[in-house]
>>> print(open('structure25.cif').read())   # mmCIF, C-alpha atoms and all ligand atoms; chains and numbers go by the auth columns
data_start
loop_
_atom_site.group_PDB
_atom_site.id
_atom_site.type_symbol
_atom_site.label_atom_id
_atom_site.label_comp_id
_atom_site.label_asym_id
_atom_site.label_seq_id
_atom_site.Cartn_x
_atom_site.Cartn_y
_atom_site.Cartn_z
_atom_site.B_iso_or_equiv
_atom_site.auth_seq_id
_atom_site.auth_asym_id
ATOM 1 C CA MET A 1 68.779 221.304 170.641 0.00 952 A
ATOM 2 C CA GLY A 2 70.251 221.191 174.133 0.00 953 A
ATOM 3 C CA ASP A 3 69.278 217.552 174.567 0.00 954 A
ATOM 4 C CA LEU A 4 70.979 216.648 171.295 0.00 955 A
ATOM 5 C CA LEU A 5 74.208 218.375 172.340 0.00 956 A
ATOM 6 C CA LYS A 6 74.110 216.550 175.670 0.00 957 A
ATOM 7 C CA GLY A 7 73.574 213.348 173.711 0.00 958 A
ATOM 8 C CA ILE A 8 76.669 213.952 171.585 0.00 959 A
ATOM 9 C CA SER A 9 78.687 214.620 174.699 0.00 960 A
ATOM 10 C CA SER A 10 77.376 211.472 176.353 0.00 961 A
ATOM 11 C CA PHE A 11 78.093 209.414 173.238 0.00 962 A
ATOM 12 C CA ARG A 12 81.654 210.672 173.015 0.00 963 A
ATOM 13 C CA GLY A 13 82.317 210.300 176.725 0.00 964 A
ATOM 14 C CA ALA A 14 80.433 207.185 177.791 0.00 965 A
ATOM 15 C CA VAL A 15 79.321 205.163 174.751 0.00 966 A
ATOM 16 C CA PHE A 16 82.033 205.465 172.113 0.00 967 A
ATOM 17 C CA PRO A 17 84.923 204.363 174.375 0.00 968 A
ATOM 18 C CA ASN A 18 83.167 201.030 174.950 0.00 969 A
ATOM 19 C CA HIS A 19 82.867 200.424 171.186 0.00 970 A
ATOM 20 C CA GLN A 20 86.109 201.985 170.041 0.00 971 A
ATOM 21 C CA ALA A 21 87.523 198.765 168.616 0.00 972 A
ATOM 22 C CA LEU A 22 84.386 198.202 166.527 0.00 973 A
ATOM 23 C CA TYR A 23 84.417 201.747 165.161 0.00 974 A
ATOM 24 C CA ARG A 24 88.118 201.451 164.358 0.00 975 A
ATOM 25 C CA LYS A 25 87.515 198.192 162.479 0.00 976 A
ATOM 26 C CA LEU A 26 84.617 199.779 160.540 0.00 977 A
ATOM 27 C CA ALA A 27 86.725 202.836 159.737 0.00 978 A
ATOM 28 C CA GLU A 28 89.599 200.713 158.444 0.00 979 A
ATOM 29 C CA GLU A 29 87.682 197.930 156.679 0.00 980 A
ATOM 30 C CA GLY A 30 84.536 199.764 155.553 0.00 981 A
ATOM 31 C CA GLN A 31 80.953 198.681 155.947 0.00 982 A
ATOM 32 C CA GLN A 32 79.289 195.377 155.146 0.00 983 A
ATOM 33 C CA PRO A 33 75.688 195.900 156.267 0.00 984 A
ATOM 34 C CA GLN A 34 73.489 192.822 156.209 0.00 985 A
ATOM 35 C CA ALA A 35 70.417 194.608 154.844 0.00 986 A
ATOM 36 C CA LEU A 36 69.023 197.787 153.331 0.00 987 A
ATOM 37 C CA MET A 37 66.055 199.095 155.275 0.00 988 A
ATOM 38 C CA ILE A 38 63.728 201.686 153.769 0.00 989 A
ATOM 39 C CA SER A 39 61.596 203.112 156.532 0.00 990 A
ATOM 40 C CA CYS A 40 59.518 206.173 157.298 0.00 991 A
ATOM 41 C CA ALA A 41 61.241 209.302 158.576 0.00 992 A
ATOM 42 C CA ASP A 42 58.815 209.301 161.525 0.00 993 A
ATOM 43 C CA SER A 43 60.849 209.925 164.690 0.00 994 A
ATOM 44 C CA ARG A 44 59.078 207.090 166.497 0.00 995 A
ATOM 45 C CA VAL A 45 60.280 204.482 164.015 0.00 996 A
ATOM 46 C CA MET A 46 63.930 203.702 164.695 0.00 997 A
ATOM 47 C CA PRO A 47 65.258 200.954 162.420 0.00 998 A
ATOM 48 C CA GLU A 48 68.369 200.292 164.502 0.00 999 A
ATOM 49 C CA THR A 49 66.349 200.114 167.699 0.00 1000 A
ATOM 50 C CA ILE A 50 63.628 197.874 166.289 0.00 1001 A
ATOM 51 C CA THR A 51 66.195 195.409 164.974 0.00 1002 A
ATOM 52 C CA GLN A 52 68.732 195.994 167.757 0.00 1003 A
ATOM 53 C CA SER A 53 71.384 196.674 165.130 0.00 1004 A
ATOM 54 C CA GLY A 54 74.724 198.251 165.843 0.00 1005 A
ATOM 55 C CA PRO A 55 77.091 200.362 163.752 0.00 1006 A
ATOM 56 C CA GLY A 56 77.763 198.905 160.328 0.00 1007 A
ATOM 57 C CA GLU A 57 74.903 196.409 160.418 0.00 1008 A
ATOM 58 C CA LEU A 58 72.028 198.194 158.672 0.00 1009 A
ATOM 59 C CA PHE A 59 72.060 200.471 155.616 0.00 1010 A
ATOM 60 C CA VAL A 60 69.105 202.792 156.177 0.00 1011 A
ATOM 61 C CA CYS A 61 67.149 205.051 153.850 0.00 1012 A
ATOM 62 C CA ARG A 62 64.301 206.988 155.457 0.00 1013 A
ATOM 63 C CA ASN A 63 61.658 209.202 153.922 0.00 1014 A
ATOM 64 C CA ALA A 64 58.072 210.287 154.468 0.00 1015 A
ATOM 65 C CA GLY A 65 55.924 207.192 153.947 0.00 1016 A
ATOM 66 C CA ASN A 66 58.757 204.646 153.388 0.00 1017 A
ATOM 67 C CA ILE A 67 58.299 205.139 149.678 0.00 1018 A
ATOM 68 C CA VAL A 68 60.307 203.666 146.808 0.00 1019 A
ATOM 69 C CA PRO A 69 59.557 205.615 143.627 0.00 1020 A
ATOM 70 C CA PRO A 70 59.398 203.383 140.555 0.00 1021 A
ATOM 71 C CA PHE A 71 62.698 203.426 138.696 0.00 1022 A
ATOM 72 C CA SER A 72 63.392 206.340 136.408 0.00 1023 A
ATOM 73 C CA THR A 73 66.575 207.900 135.183 0.00 1024 A
ATOM 74 C CA ALA A 74 65.746 211.066 137.132 0.00 1025 A
ATOM 75 C CA ASN A 75 68.202 211.176 140.012 0.00 1026 A
ATOM 76 C CA GLY A 76 66.705 210.524 143.400 0.00 1027 A
ATOM 77 C CA GLY A 77 67.911 209.802 146.905 0.00 1028 A
ATOM 78 C CA VAL A 78 66.017 206.548 147.311 0.00 1029 A
ATOM 79 C CA SER A 79 67.099 205.188 143.916 0.00 1030 A
ATOM 80 C CA SER A 80 70.706 206.071 144.677 0.00 1031 A
ATOM 81 C CA ALA A 81 70.572 204.399 148.079 0.00 1032 A
ATOM 82 C CA ILE A 82 69.135 201.237 146.521 0.00 1033 A
ATOM 83 C CA GLU A 83 71.772 201.135 143.775 0.00 1034 A
ATOM 84 C CA TYR A 84 74.609 201.733 146.200 0.00 1035 A
ATOM 85 C CA ALA A 85 73.399 199.141 148.708 0.00 1036 A
ATOM 86 C CA VAL A 86 72.745 196.472 146.092 0.00 1037 A
ATOM 87 C CA VAL A 87 75.578 197.087 143.627 0.00 1038 A
ATOM 88 C CA ALA A 88 78.427 198.506 145.715 0.00 1039 A
ATOM 89 C CA LEU A 89 77.735 196.838 149.055 0.00 1040 A
ATOM 90 C CA GLY A 90 76.194 193.617 147.756 0.00 1041 A
ATOM 91 C CA VAL A 91 73.284 193.707 150.167 0.00 1042 A
ATOM 92 C CA ARG A 92 71.136 190.589 149.744 0.00 1043 A
ATOM 93 C CA ASP A 93 68.069 191.645 151.726 0.00 1044 A
ATOM 94 C CA VAL A 94 65.962 194.792 151.284 0.00 1045 A
ATOM 95 C CA ILE A 95 63.297 195.667 153.825 0.00 1046 A
ATOM 96 C CA VAL A 96 60.483 198.169 153.332 0.00 1047 A
ATOM 97 C CA CYS A 97 59.141 199.009 156.780 0.00 1048 A
ATOM 98 C CA GLY A 98 55.818 200.780 157.263 0.00 1049 A
ATOM 99 C CA HIS A 99 54.285 201.651 160.587 0.00 1050 A
ATOM 100 C CA SER A 100 51.109 202.442 162.501 0.00 1051 A
ATOM 101 C CA ASP A 101 49.751 205.988 162.817 0.00 1052 A
ATOM 102 C CA CYS A 102 51.741 207.113 159.754 0.00 1053 A
ATOM 103 C CA GLY A 103 51.245 210.804 158.964 0.00 1054 A
ATOM 104 C CA ALA A 104 51.969 210.203 155.277 0.00 1055 A
ATOM 105 C CA MET A 105 49.178 207.635 155.066 0.00 1056 A
ATOM 106 C CA LYS A 106 46.825 210.053 156.834 0.00 1057 A
ATOM 107 C CA GLY A 107 47.747 212.644 154.217 0.00 1058 A
ATOM 108 C CA LEU A 108 46.631 210.255 151.490 0.00 1059 A
ATOM 109 C CA CYS A 109 43.194 210.095 153.118 0.00 1060 A
ATOM 110 C CA HIS A 110 42.948 213.840 153.665 0.00 1061 A
ATOM 111 C CA PRO A 111 44.436 215.629 150.635 0.00 1062 A
ATOM 112 C CA ASP A 112 43.238 218.974 152.025 0.00 1063 A
ATOM 113 C CA LEU A 113 45.882 218.616 154.748 0.00 1064 A
ATOM 114 C CA LEU A 114 48.540 218.507 152.015 0.00 1065 A
ATOM 115 C CA LYS A 115 47.632 221.801 150.349 0.00 1066 A
ATOM 116 C CA PRO A 116 50.367 223.782 152.188 0.00 1067 A
ATOM 117 C CA MET A 117 52.886 220.979 151.413 0.00 1068 A
ATOM 118 C CA PRO A 118 53.068 220.589 147.612 0.00 1069 A
ATOM 119 C CA ASN A 119 56.251 218.520 147.756 0.00 1070 A
ATOM 120 C CA VAL A 120 54.741 216.048 150.191 0.00 1071 A
ATOM 121 C CA ALA A 121 51.600 215.848 148.069 0.00 1072 A
ATOM 122 C CA ALA A 122 53.648 215.122 144.940 0.00 1073 A
ATOM 123 C CA TRP A 123 55.807 212.573 146.778 0.00 1074 A
ATOM 124 C CA LEU A 124 52.764 210.686 148.039 0.00 1075 A
ATOM 125 C CA LYS A 125 51.551 209.996 144.516 0.00 1076 A
ATOM 126 C CA HIS A 126 53.822 206.954 144.713 0.00 1077 A
ATOM 127 C CA SER A 127 51.420 205.617 147.348 0.00 1078 A
ATOM 128 C CA HIS A 128 48.124 206.391 145.608 0.00 1079 A
ATOM 129 C CA ALA A 129 47.748 202.744 144.595 0.00 1080 A
ATOM 130 C CA ALA A 130 47.644 201.722 148.267 0.00 1081 A
ATOM 131 C CA HIS A 131 44.916 204.276 148.946 0.00 1082 A
ATOM 132 C CA SER A 132 42.908 203.080 145.937 0.00 1083 A
ATOM 133 C CA ILE A 133 43.186 199.441 146.997 0.00 1084 A
ATOM 134 C CA VAL A 134 41.770 200.196 150.445 0.00 1085 A
ATOM 135 C CA CYS A 135 39.039 202.506 149.089 0.00 1086 A
ATOM 136 C CA GLU A 136 37.873 200.027 146.462 0.00 1087 A
ATOM 137 C CA ALA A 137 38.570 196.581 147.887 0.00 1088 A
ATOM 138 C CA TYR A 138 38.183 196.909 151.658 0.00 1089 A
ATOM 139 C CA PRO A 139 34.923 197.175 153.647 0.00 1090 A
ATOM 140 C CA SER A 140 33.543 200.716 153.591 0.00 1091 A
ATOM 141 C CA ASP A 141 32.782 200.724 157.320 0.00 1092 A
ATOM 142 C CA LEU A 142 36.400 200.614 158.503 0.00 1093 A
ATOM 143 C CA SER A 143 37.216 203.021 161.304 0.00 1094 A
ATOM 144 C CA GLU A 144 39.677 205.810 160.494 0.00 1095 A
ATOM 145 C CA ARG A 145 42.368 203.948 162.471 0.00 1096 A
ATOM 146 C CA GLN A 146 41.728 200.665 160.643 0.00 1097 A
ATOM 147 C CA ARG A 147 41.745 202.463 157.282 0.00 1098 A
ATOM 148 C CA ILE A 148 45.094 204.156 157.945 0.00 1099 A
ATOM 149 C CA ARG A 149 46.559 200.853 159.137 0.00 1100 A
ATOM 150 C CA ALA A 150 45.316 199.037 156.026 0.00 1101 A
ATOM 151 C CA ILE A 151 46.709 201.743 153.725 0.00 1102 A
ATOM 152 C CA ALA A 152 50.072 201.615 155.520 0.00 1103 A
ATOM 153 C CA MET A 153 50.272 197.846 155.018 0.00 1104 A
ATOM 154 C CA GLU A 154 49.114 197.975 151.391 0.00 1105 A
ATOM 155 C CA ASN A 155 51.645 200.760 150.879 0.00 1106 A
ATOM 156 C CA VAL A 156 54.453 198.419 151.938 0.00 1107 A
ATOM 157 C CA VAL A 157 53.304 195.919 149.296 0.00 1108 A
ATOM 158 C CA VAL A 158 53.076 198.659 146.637 0.00 1109 A
ATOM 159 C CA GLN A 159 56.621 199.774 147.438 0.00 1110 A
ATOM 160 C CA LEU A 160 57.882 196.179 147.166 0.00 1111 A
ATOM 161 C CA ASP A 161 56.432 196.172 143.637 0.00 1112 A
ATOM 162 C CA HIS A 162 58.230 199.440 142.895 0.00 1113 A
ATOM 163 C CA LEU A 163 61.501 197.937 144.127 0.00 1114 A
ATOM 164 C CA ARG A 164 61.278 195.334 141.373 0.00 1115 A
ATOM 165 C CA THR A 165 61.345 198.090 138.737 0.00 1116 A
ATOM 166 C CA HIS A 166 64.881 199.048 139.750 0.00 1117 A
ATOM 167 C CA PRO A 167 67.319 197.326 137.382 0.00 1118 A
ATOM 168 C CA SER A 168 69.832 196.506 140.112 0.00 1119 A
ATOM 169 C CA VAL A 169 67.105 194.740 142.125 0.00 1120 A
ATOM 170 C CA ALA A 170 65.497 193.076 139.083 0.00 1121 A
ATOM 171 C CA ALA A 171 68.822 191.555 138.033 0.00 1122 A
ATOM 172 C CA LYS A 172 69.523 190.184 141.520 0.00 1123 A
ATOM 173 C CA LEU A 173 66.000 188.737 141.715 0.00 1124 A
ATOM 174 C CA ALA A 174 66.597 186.948 138.406 0.00 1125 A
ATOM 175 C CA THR A 175 69.734 185.315 139.783 0.00 1126 A
ATOM 176 C CA ASN A 176 68.178 184.654 143.213 0.00 1127 A
ATOM 177 C CA ASP A 177 70.713 186.894 144.889 0.00 1128 A
ATOM 178 C CA ILE A 178 68.280 189.171 146.698 0.00 1129 A
ATOM 179 C CA THR A 179 65.145 188.894 148.823 0.00 1130 A
ATOM 180 C CA LEU A 180 62.618 191.668 149.429 0.00 1131 A
ATOM 181 C CA HIS A 181 60.874 191.975 152.780 0.00 1132 A
ATOM 182 C CA GLY A 182 57.824 193.968 153.878 0.00 1133 A
ATOM 183 C CA TRP A 183 57.555 194.835 157.547 0.00 1134 A
ATOM 184 C CA PHE A 184 55.057 196.794 159.615 0.00 1135 A
ATOM 185 C CA PHE A 185 56.002 198.282 162.984 0.00 1136 A
ATOM 186 C CA ASP A 186 53.234 198.904 165.502 0.00 1137 A
ATOM 187 C CA ILE A 187 54.329 201.870 167.616 0.00 1138 A
ATOM 188 C CA GLN A 188 51.865 201.107 170.407 0.00 1139 A
ATOM 189 C CA THR A 189 52.776 197.443 170.940 0.00 1140 A
ATOM 190 C CA GLY A 190 56.342 197.339 169.612 0.00 1141 A
ATOM 191 C CA GLU A 191 55.365 194.396 167.442 0.00 1142 A
ATOM 192 C CA VAL A 192 56.839 193.919 163.960 0.00 1143 A
ATOM 193 C CA LEU A 193 54.577 192.114 161.477 0.00 1144 A
ATOM 194 C CA VAL A 194 56.104 190.686 158.300 0.00 1145 A
ATOM 195 C CA TYR A 195 54.566 190.348 154.855 0.00 1146 A
ATOM 196 C CA ASP A 196 54.247 186.797 153.594 0.00 1147 A
ATOM 197 C CA GLY A 197 54.205 187.244 149.829 0.00 1148 A
ATOM 198 C CA ALA A 198 53.041 183.670 149.177 0.00 1149 A
ATOM 199 C CA ALA A 199 49.984 184.122 151.402 0.00 1150 A
ATOM 200 C CA ALA A 200 49.527 187.851 150.636 0.00 1151 A
ATOM 201 C CA ARG A 201 49.174 188.493 154.370 0.00 1152 A
ATOM 202 C CA PHE A 202 51.026 190.247 157.149 0.00 1153 A
ATOM 203 C CA THR A 203 51.856 187.812 159.897 0.00 1154 A
ATOM 204 C CA GLU A 204 53.560 187.683 163.276 0.00 1155 A
ATOM 205 C CA ILE A 205 57.177 186.628 163.561 0.00 1156 A
ATOM 206 C CA HIS A 206 57.763 183.232 165.176 0.00 1157 A
ATOM 207 C CA GLU A 207 61.368 182.661 166.103 0.00 1158 A
ATOM 208 C CA ASP A 208 61.028 178.889 165.728 0.00 1159 A
ATOM 209 C CA ARG A 209 59.792 179.193 162.119 0.00 1160 A
ATOM 210 C CA PRO A 210 61.447 180.556 158.979 0.00 1161 A
ATOM 211 C CA LEU A 211 60.875 184.282 158.462 0.00 1162 A
ATOM 212 C CA PRO A 212 58.148 184.803 155.828 0.00 1163 A
ATOM 213 C CA VAL A 213 59.423 186.884 152.919 0.00 1164 A
ATOM 214 C CA GLY A 214 57.735 189.320 150.577 0.00 1165 A
ATOM 215 C CA VAL A 215 59.428 188.664 147.248 0.00 1166 A
ATOM 216 C CA THR A 216 61.972 185.974 146.462 0.00 1167 A
ATOM 217 C CA GLY A 217 64.048 185.416 143.346 0.00 1168 A
ATOM 218 C CA ARG A 218 62.100 184.075 140.406 0.00 1169 A
ATOM 219 C CA GLY A 219 63.774 180.697 140.550 0.00 1170 A
ATOM 220 C CA ARG A 220 65.471 180.748 137.162 0.00 1171 A
ATOM 221 C CA PRO A 221 67.374 183.540 135.456 0.00 1172 A
ATOM 222 C CA HIS A 222 66.142 183.077 131.857 0.00 1173 A
ATOM 223 C CA VAL A 223 62.662 183.038 130.353 0.00 1174 A
ATOM 224 C CA ILE A 224 64.188 181.515 127.201 0.00 1175 A
ATOM 225 C CA PRO A 225 65.920 178.195 127.957 0.00 1176 A
ATOM 226 C CA GLN A 226 69.657 178.503 127.528 0.00 1177 A
ATOM 227 C CA ALA A 227 72.160 175.790 126.641 0.00 1178 A
ATOM 228 C CA GLY A 228 72.313 173.241 129.429 0.00 1179 A
ATOM 229 C CA GLU A 229 68.946 174.188 130.959 0.00 1180 A
HETATM 230 ZN ZN ZN B . 55.213 207.397 158.618 0.00 1 B
#
>>> encode(input="structure25.cif", output="structure tokens")
Amino acid sequence: MGDLLKGISSFRGAVFPNHQALYRKLAEEGQQPQALMISCADSRVMPETITQSGPGELFVCRNAGNIVPPFSTANGGVSSAIEYAVVALGVRDVIVCGHSDCGAMKGLCHPDLLKPMPNVAAWLKHSHAAHSIVCEAYPSDLSERQRIRAIAMENVVVQLDHLRTHPSVAAKLATNDITLHGWFFDIQTGEVLVYDGAAARFTEIHEDRPLPVGVTGRGRPHVIPQAGE
């Protein structure tokens, strides 16, 4: 803990004074983050660092496996974070960010490792679909590393599907007021791949091209034509 205490001291003494005006503005005017990012709790995956975001710019929800449980009325931290970001803060972009070498994805492949962690095991049921997809639809001769990577990427897509079950997100998709993004951070290379929902592929980011997106609004709000449509 000594390093953390030194860090607090350094922040207060050397960092905060240089950003005092920004913190004062945020304290007085509140936050208006540009996106909600749901990422893994893994200490190597730092949303603010990856995106070079500062205070007030990113609303972050982290958990083991960057999981979004399908909507239910049972209270949950992820559901609450989504509702607050979308409804109260009006966030228009939601990012689910997976990563390489994810311990949660390894747990899916080796359930015996989860025996002493019943809560983790139960939590990971929200990712079983990703595991099934890779087991059934991918080549059987994948290396362990390739398999974990594939599950982590499929897991991002599964969680994007779960996001759509949340009423606050579903309503904003219907009115084209929200976009869902799937990202994958490679710890070894620092690269961020993005999910292109139209192509069903993860792809590299090219700064001179539009950012591929996972899920866009459905284009029209009503399935039954309304007056004037
Ligand atoms: Zn992880």
>>> atom_distance(input="structure25.cif", atom1="atom CA of A:Val1085", atom2="atom CA of A:Asp1044")
27.7 Å
>>> residues_near_ligand(input="structure25.cif", ligand="ligand ZN 1 (chain B)", cutoff="8 Å", atoms="only C-alpha atoms and all ligand atoms", output="PyMOL selection string")
chain A and resi 990-993+996+1015-1017+1049-1056
>>> closest_residue(input="structure25.cif", among="A:Gly1005, A:Asn969, A:Ala1151, A:Gln983", to="A:Tyr1035", atoms="only C-alpha atoms")
A:Gln983
>>> resolve_selection(input="structure25.cif", expression="the PyMOL selection byres (((chain A and resi 1030) around 10) and not hetatm)", output="ChimeraX atom specification")
/A:1012,1019-1029,1031-1036,1114,1117,1119
>>> residues_around(input="structure25.cif", residues="A:Cys1086", least_positions_apart="6", cutoff="10 Å", atoms="only C-alpha atoms", output="short mmCIF file (atom, residue, chain, number, x, y, z; two decimals) with C-alpha atoms, in the coordinates of the input")
data_model
loop_
_atom_site.label_atom_id
_atom_site.label_comp_id
_atom_site.auth_asym_id
_atom_site.auth_seq_id
_atom_site.Cartn_x
_atom_site.Cartn_y
_atom_site.Cartn_z
CA CYS A 1060 43.19 210.10 153.12
CA ALA A 1080 47.75 202.74 144.60
CA LEU A 1093 36.40 200.61 158.50
CA ARG A 1098 41.74 202.46 157.28
CA ALA A 1101 45.32 199.04 156.03
CA ILE A 1102 46.71 201.74 153.72
#
>>> resolve_selection(input="structure25.cif", expression="the PyMOL selection byres (((chain A and resi 1006) around 12) and not hetatm)", output="PyMOL selection string")
chain A and resi 967+970-978+981-985+998-1000+1003-1005+1007-1011
>>> write_last_selection(input="structure25.cif", atoms="C-alpha atoms", output="PDB file, in the frame of the given file")
ATOM      1  CA  PHE A 967      82.033 205.465 172.113  1.00  0.00           C
ATOM      2  CA  HIS A 970      82.867 200.424 171.186  1.00  0.00           C
ATOM      3  CA  GLN A 971      86.109 201.985 170.041  1.00  0.00           C
ATOM      4  CA  ALA A 972      87.523 198.765 168.616  1.00  0.00           C
ATOM      5  CA  LEU A 973      84.386 198.202 166.527  1.00  0.00           C
ATOM      6  CA  TYR A 974      84.417 201.747 165.161  1.00  0.00           C
ATOM      7  CA  ARG A 975      88.118 201.451 164.358  1.00  0.00           C
ATOM      8  CA  LYS A 976      87.515 198.192 162.479  1.00  0.00           C
ATOM      9  CA  LEU A 977      84.617 199.779 160.540  1.00  0.00           C
ATOM     10  CA  ALA A 978      86.725 202.836 159.737  1.00  0.00           C
ATOM     11  CA  GLY A 981      84.536 199.764 155.553  1.00  0.00           C
ATOM     12  CA  GLN A 982      80.953 198.681 155.947  1.00  0.00           C
ATOM     13  CA  GLN A 983      79.289 195.377 155.146  1.00  0.00           C
ATOM     14  CA  PRO A 984      75.688 195.900 156.267  1.00  0.00           C
ATOM     15  CA  GLN A 985      73.489 192.822 156.209  1.00  0.00           C
ATOM     16  CA  PRO A 998      65.258 200.954 162.420  1.00  0.00           C
ATOM     17  CA  GLU A 999      68.369 200.292 164.502  1.00  0.00           C
ATOM     18  CA  THR A1000      66.349 200.114 167.699  1.00  0.00           C
ATOM     19  CA  GLN A1003      68.732 195.994 167.757  1.00  0.00           C
ATOM     20  CA  SER A1004      71.384 196.674 165.130  1.00  0.00           C
ATOM     21  CA  GLY A1005      74.724 198.251 165.843  1.00  0.00           C
ATOM     22  CA  GLY A1007      77.763 198.905 160.328  1.00  0.00           C
ATOM     23  CA  GLU A1008      74.903 196.409 160.418  1.00  0.00           C
ATOM     24  CA  LEU A1009      72.028 198.194 158.672  1.00  0.00           C
ATOM     25  CA  PHE A1010      72.060 200.471 155.616  1.00  0.00           C
ATOM     26  CA  VAL A1011      69.105 202.792 156.177  1.00  0.00           C
TER      27      VAL A1011
END
>>> closest_atom_pairs(input="structure25.cif", of="stretch 1020-1105 of chain A", to="stretch 1162-1180 of chain A", cutoff="10 Å", atoms="all atoms listed in the file", output="JSON lines")
{"residue": "A:Asp1044", "atom": "CA", "partner": "A:Thr1167", "partner_atom": "CA", "distance": 9.9}
{"residue": "A:Val1045", "atom": "CA", "partner": "A:Val1166", "partner_atom": "CA", "distance": 9.8}
{"residue": "A:Ile1046", "atom": "CA", "partner": "A:Gly1165", "partner_atom": "CA", "distance": 9.0}
{"residue": "A:Val1047", "atom": "CA", "partner": "A:Gly1165", "partner_atom": "CA", "distance": 9.7}
>>> closest_residue(input="structure25.cif", among="A:Ser1094, A:Lys1057, A:Leu1064, A:Val1108", to="A:Ala1081", atoms="all atoms listed in the file")
A:Val1108
>>> atom_distance(input="structure25.cif", atom1="atom CA of A:Leu1040", atom2="atom CA of A:Leu1124")
16.0 Å
>>> atom_distance(input="structure25.cif", atom1="atom CA of A:Ile1018", atom2="atom CA of A:Ile1129")
19.1 Å
>>> closest_residue(input="structure25.cif", among="A:Asp1147, A:Val1071, A:Val1042, A:Arg1115", to="A:Asn1014", atoms="only C-alpha atoms")
A:Val1071
>>> closest_residue(input="structure25.cif", among="A:Ala1150, A:Leu1131, A:Gln1139, A:Lys1123", to="A:Val1037", atoms="all atoms listed in the file")
A:Lys1123
